[in-house]
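Remarks on the structure that follows.
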Amino acid sequence: HTDWARPATFGIISAQLALGAGHFWWYNWRVQWRDFRPEPTVRAASATSSLWIPESALLGVRCVIFIWCTFLLVQSAVAEGPNCLRFFTVWNFMSLTAFFGLGTLLSCSAELIAAGAPSRVHHLGASVHLLLLELNLPLSVLVAAVVWLVIYPHDAALAKRTGDPTGIARDLSLTSLGMHGANVVFMVLEISLDAMRVRAEHLGLVVAWGMLYGLFNGLQVYWTGDDVYFFMDFTVKSTPFIAVGLTAILGVSYGVACGLSWLKWQLMGYAAARGAGGGRSRQESARVYLLAAAEEEEADAADGSAAGYRLWDGQIPGGVPAVRAHR
């Protein structure tokens with residue numbers, strides 16, 4: 001234990017929170033929030049990745065997962081009360097439940113969305129849904145990895161040393177298996193079935209979410225003395241390095257999520273090329289539209305703007321140097 005570990009850890013987490021949130025906002029402002037254009041965002045929220053997958057199947061999967069996740073959350077809340085909010089797992093599982101609940105509503109309105117231009121409510125819901133996808137896909141992997149590669153071995157060693165199996169029983173409970181195992185299966189199933197994309201440029205949002213919990217955890221430890229996680233004791237000299245390491249692991253998890261998303265879109269493009277021609281169903285038309293929108297977006301990003309990262313390239317109103325205006 002050292003006196004400098006706590007302020008150093010708080011400083012690192014605060015800096016990463018500011019950088020993550022700032023980068024997410026700055027990038028999207030530079031490209032005029034291109035990744036959240038109303039029609040592509042709304043259509044992607046209820047479309048499927050393949051013509052072999054009916055939209056009703058995606059709706060059914062989302063609805064069943066939402067009901068199951070709600071059951072686990074209620075069970076956890078009843079068992080532990082407000083104290084369950086101390087855990088990063090619960091933060092993410094609440095986010096995951098909201099994702100599938102919102103996805104269920106968007107899937108229910110697929111026919112309505114296809115009938116005309118999306119309303120503001122649909123656009124807002126679909127945009128939040130996309131952000132929740134980009135949060136939950138990598139974070140489900142991170143949470144499961146930390147539990148089964150760090151916390152479970154620690155609890156197993158503690159049980160062997162003390163003869164108390166409480167920690168092991170907690171790790172292997174139905175709630176734990178659902179929140180630290182099934183969550184990964186749910187998100188992989190979702191990204192396989194839906195027509196949404198995870199964008200590498202949105203990494204900052206995920207980092208900011210993780211750092212927000214880090215600040216919350218550090219403050220509640222300071223006030224209550226409850227570390228929650230043994231490796232997040234802010235008074236230990238190794239904790240600042242652990243915070244950096246967890247951020248690096250989060251970055252790797254996000255990279256895996258982006259890789260899965262890229263692979264899916266390559267397969268979608270291949271299937272669309274093979275099925276070109278002839279009459280199109282509403283479902284096929286939606287997929288062709290989304291693929292075309294994605295190609296336009298990629299061409300727009302590569303057209304001399306360095307994906308919105310160059311600070312000085314032309315002028316925007318007010319005389320502020322910026323990238324060119326995007327369609």
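Every chain in the structure tokens has a letter given in the order shown (A, B, ...), and although residue numbers restart at 1 in each chain, ligands are simply numbered from 1 in the order shown.
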Next item on the list: Find the spatial neighbours of A:Ser119, counting only C-alpha atoms, within a cut-off of 12 Å - ignore same-chain residues fewer than 6 positions away - and output them as a PyMOL selection string.
Entry: chain A and resi 38-39+41-43+109+112-113+125-126
Deliver the residues from the most recent selection as a file, using C-alpha atoms, as a PDB file, in the first residue's frame.
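Ended up saving to out_30.pdb:
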```
ATOM      1  CA  PRO A  38     -31.401   8.567 -39.983  1.00  0.00           C
ATOM      2  CA  GLU A  39     -32.406   6.101 -42.699  1.00  0.00           C
ATOM      3  CA  THR A  41     -29.340   3.665 -38.853  1.00  0.00           C
ATOM      4  CA  VAL A  42     -33.056   2.934 -38.556  1.00  0.00           C
ATOM      5  CA  ARG A  43     -33.094   0.297 -41.284  1.00  0.00           C
ATOM      6  CA  SER A 109     -41.691  -1.613 -36.007  1.00  0.00           C
ATOM      7  CA  LEU A 112     -43.651   0.741 -40.150  1.00  0.00           C
ATOM      8  CA  ILE A 113     -40.062   1.878 -40.744  1.00  0.00           C
ATOM      9  CA  GLY A 125     -34.054   4.766 -30.659  1.00  0.00           C
ATOM     10  CA  ALA A 126     -31.971   3.262 -33.459  1.00  0.00           C
TER      11      ALA A 126
END
```
Notebook entry, point to check: Could you pull the residues within 10 Å of A:Gly251, counting only C-alpha atoms, minus those fewer than 6 positions along the same chain, as a PyMOL selection string?
Noted result: chain A and resi 138-139+142+200+203-204+206-207+245+257
Next item on the list: May I have all residues of stretch 64-104 of chain A that DSSP, computed from the backbone, assigns to alpha helix (DSSP H), given as a ChimeraX atom specification?
Entry: /A:64-80,88-104
So that I have them on file, write out the residues from the current selection with N, CA, C and O atoms, as a short mmCIF file (atom, residue, chain, number, x, y, z; two decimals), in the first residue's frame.
```
data_model
loop_
_atom_site.label_atom_id
_atom_site.label_comp_id
_atom_site.auth_asym_id
_atom_site.auth_seq_id
_atom_site.Cartn_x
_atom_site.Cartn_y
_atom_site.Cartn_z
N VAL A 64 -36.82 -13.11 -26.56
CA VAL A 64 -36.51 -14.16 -25.58
C VAL A 64 -35.33 -13.75 -24.70
O VAL A 64 -35.35 -13.93 -23.47
N ILE A 65 -34.28 -13.20 -25.32
CA ILE A 65 -33.10 -12.78 -24.54
C ILE A 65 -33.46 -11.65 -23.59
O ILE A 65 -33.02 -11.63 -22.44
N PHE A 66 -34.28 -10.72 -24.05
CA PHE A 66 -34.70 -9.61 -23.18
C PHE A 66 -35.45 -10.13 -21.95
O PHE A 66 -35.19 -9.68 -20.82
N ILE A 67 -36.36 -11.07 -22.15
CA ILE A 67 -37.12 -11.62 -21.03
C ILE A 67 -36.19 -12.34 -20.06
O ILE A 67 -36.30 -12.18 -18.83
N TRP A 68 -35.24 -13.12 -20.59
CA TRP A 68 -34.31 -13.85 -19.73
C TRP A 68 -33.41 -12.90 -18.94
O TRP A 68 -33.21 -13.08 -17.74
N CYS A 69 -32.90 -11.87 -19.61
CA CYS A 69 -32.02 -10.91 -18.93
C CYS A 69 -32.78 -10.13 -17.87
O CYS A 69 -32.24 -9.85 -16.78
N THR A 70 -34.02 -9.78 -18.16
CA THR A 70 -34.84 -9.07 -17.17
C THR A 70 -35.05 -9.94 -15.94
O THR A 70 -34.97 -9.46 -14.79
N PHE A 71 -35.28 -11.24 -16.14
CA PHE A 71 -35.45 -12.17 -15.03
C PHE A 71 -34.19 -12.20 -14.16
O PHE A 71 -34.26 -12.14 -12.92
N LEU A 72 -33.01 -12.28 -14.80
CA LEU A 72 -31.76 -12.32 -14.03
C LEU A 72 -31.53 -11.02 -13.27
O LEU A 72 -31.06 -11.05 -12.12
N LEU A 73 -31.84 -9.89 -13.89
CA LEU A 73 -31.66 -8.61 -13.20
C LEU A 73 -32.58 -8.49 -12.00
O LEU A 73 -32.16 -8.02 -10.92
N VAL A 74 -33.83 -8.89 -12.17
CA VAL A 74 -34.77 -8.84 -11.05
C VAL A 74 -34.31 -9.76 -9.92
O VAL A 74 -34.35 -9.39 -8.74
N GLN A 75 -33.86 -10.95 -10.29
CA GLN A 75 -33.36 -11.89 -9.29
C GLN A 75 -32.18 -11.31 -8.52
O GLN A 75 -32.10 -11.41 -7.29
N SER A 76 -31.26 -10.68 -9.24
CA SER A 76 -30.10 -10.07 -8.60
C SER A 76 -30.50 -8.91 -7.70
O SER A 76 -29.97 -8.76 -6.59
N ALA A 77 -31.44 -8.10 -8.16
CA ALA A 77 -31.89 -6.96 -7.37
C ALA A 77 -32.58 -7.41 -6.09
O ALA A 77 -32.40 -6.81 -5.02
N VAL A 78 -33.38 -8.47 -6.18
CA VAL A 78 -34.07 -8.99 -5.01
C VAL A 78 -33.08 -9.58 -4.02
O VAL A 78 -33.19 -9.40 -2.79
N ALA A 79 -32.07 -10.29 -4.52
CA ALA A 79 -31.10 -10.95 -3.65
C ALA A 79 -30.17 -9.97 -2.95
O ALA A 79 -29.83 -10.16 -1.78
N GLU A 80 -29.73 -8.92 -3.66
CA GLU A 80 -28.71 -8.03 -3.11
C GLU A 80 -29.18 -6.60 -2.90
O GLU A 80 -28.48 -5.82 -2.26
N PHE A 88 -19.47 -3.95 -11.81
CA PHE A 88 -19.39 -3.61 -13.24
C PHE A 88 -20.22 -4.57 -14.07
O PHE A 88 -20.80 -4.19 -15.09
N THR A 89 -20.28 -5.81 -13.63
CA THR A 89 -21.12 -6.81 -14.31
C THR A 89 -22.56 -6.33 -14.42
O THR A 89 -23.20 -6.43 -15.48
N VAL A 90 -23.09 -5.81 -13.32
CA VAL A 90 -24.49 -5.38 -13.30
C VAL A 90 -24.68 -4.15 -14.19
O VAL A 90 -25.69 -4.03 -14.90
N TRP A 91 -23.73 -3.23 -14.15
CA TRP A 91 -23.80 -2.07 -15.05
C TRP A 91 -23.96 -2.54 -16.49
O TRP A 91 -24.82 -2.07 -17.22
N ASN A 92 -23.11 -3.48 -16.88
CA ASN A 92 -23.11 -3.93 -18.27
C ASN A 92 -24.33 -4.79 -18.58
O ASN A 92 -24.84 -4.76 -19.71
N PHE A 93 -24.78 -5.57 -17.60
CA PHE A 93 -25.94 -6.41 -17.86
C PHE A 93 -27.21 -5.57 -17.96
O PHE A 93 -28.12 -5.91 -18.72
N MET A 94 -27.28 -4.48 -17.22
CA MET A 94 -28.40 -3.54 -17.39
C MET A 94 -28.37 -2.94 -18.79
O MET A 94 -29.40 -2.81 -19.46
N SER A 95 -27.17 -2.58 -19.25
CA SER A 95 -27.02 -2.05 -20.59
C SER A 95 -27.40 -3.08 -21.65
O SER A 95 -28.07 -2.76 -22.64
N LEU A 96 -26.99 -4.33 -21.43
CA LEU A 96 -27.31 -5.40 -22.36
C LEU A 96 -28.82 -5.65 -22.42
O LEU A 96 -29.40 -5.85 -23.50
N THR A 97 -29.47 -5.63 -21.26
CA THR A 97 -30.92 -5.83 -21.21
C THR A 97 -31.65 -4.70 -21.94
O THR A 97 -32.60 -4.94 -22.69
N ALA A 98 -31.18 -3.47 -21.73
CA ALA A 98 -31.77 -2.33 -22.44
C ALA A 98 -31.58 -2.48 -23.95
O ALA A 98 -32.47 -2.15 -24.74
N PHE A 99 -30.42 -3.00 -24.35
CA PHE A 99 -30.14 -3.20 -25.77
C PHE A 99 -31.15 -4.15 -26.40
O PHE A 99 -31.72 -3.87 -27.46
N PHE A 100 -31.38 -5.29 -25.75
CA PHE A 100 -32.31 -6.27 -26.33
C PHE A 100 -33.76 -5.81 -26.21
O PHE A 100 -34.59 -6.12 -27.07
N GLY A 101 -34.09 -5.06 -25.17
CA GLY A 101 -35.44 -4.52 -25.06
C GLY A 101 -35.72 -3.51 -26.16
O GLY A 101 -36.77 -3.55 -26.82
N LEU A 102 -34.78 -2.60 -26.38
CA LEU A 102 -34.93 -1.60 -27.44
C LEU A 102 -34.92 -2.28 -28.81
O LEU A 102 -35.68 -1.90 -29.71
N GLY A 103 -34.06 -3.29 -28.97
CA GLY A 103 -34.02 -4.02 -30.23
C GLY A 103 -35.34 -4.72 -30.53
O GLY A 103 -35.77 -4.78 -31.69
N THR A 104 -35.98 -5.24 -29.49
CA THR A 104 -37.29 -5.88 -29.67
C THR A 104 -38.31 -4.88 -30.20
O THR A 104 -39.07 -5.17 -31.14
#
```
Next item on the list: Could you give me, as a list in words, the residues within 6 Å of stretch 21-36 of chain A, counting only C-alpha atoms and dropping anything in the same chain fewer than 6 positions from it?
Entry: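 Final neighbour list, sorted by chain and number: His202, Gly204, Leu205, Ala208 and Gly308 of chain A.
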Include C-alpha atoms and write out the residues we just selected as a compact mmCIF listing (two decimals), in the first residue's frame.
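File produced: result_10.txt:
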```txt
# COMPACT_ATOMS: atom_id res chain seq x y z
CA HIS A 202 -16.15 4.70 -31.75
CA GLY A 204 -13.56 6.16 -27.28
CA LEU A 205 -17.17 5.60 -26.20
CA ALA A 208 -15.25 6.26 -21.50
CA GLY A 308 -12.30 13.03 -40.33
```
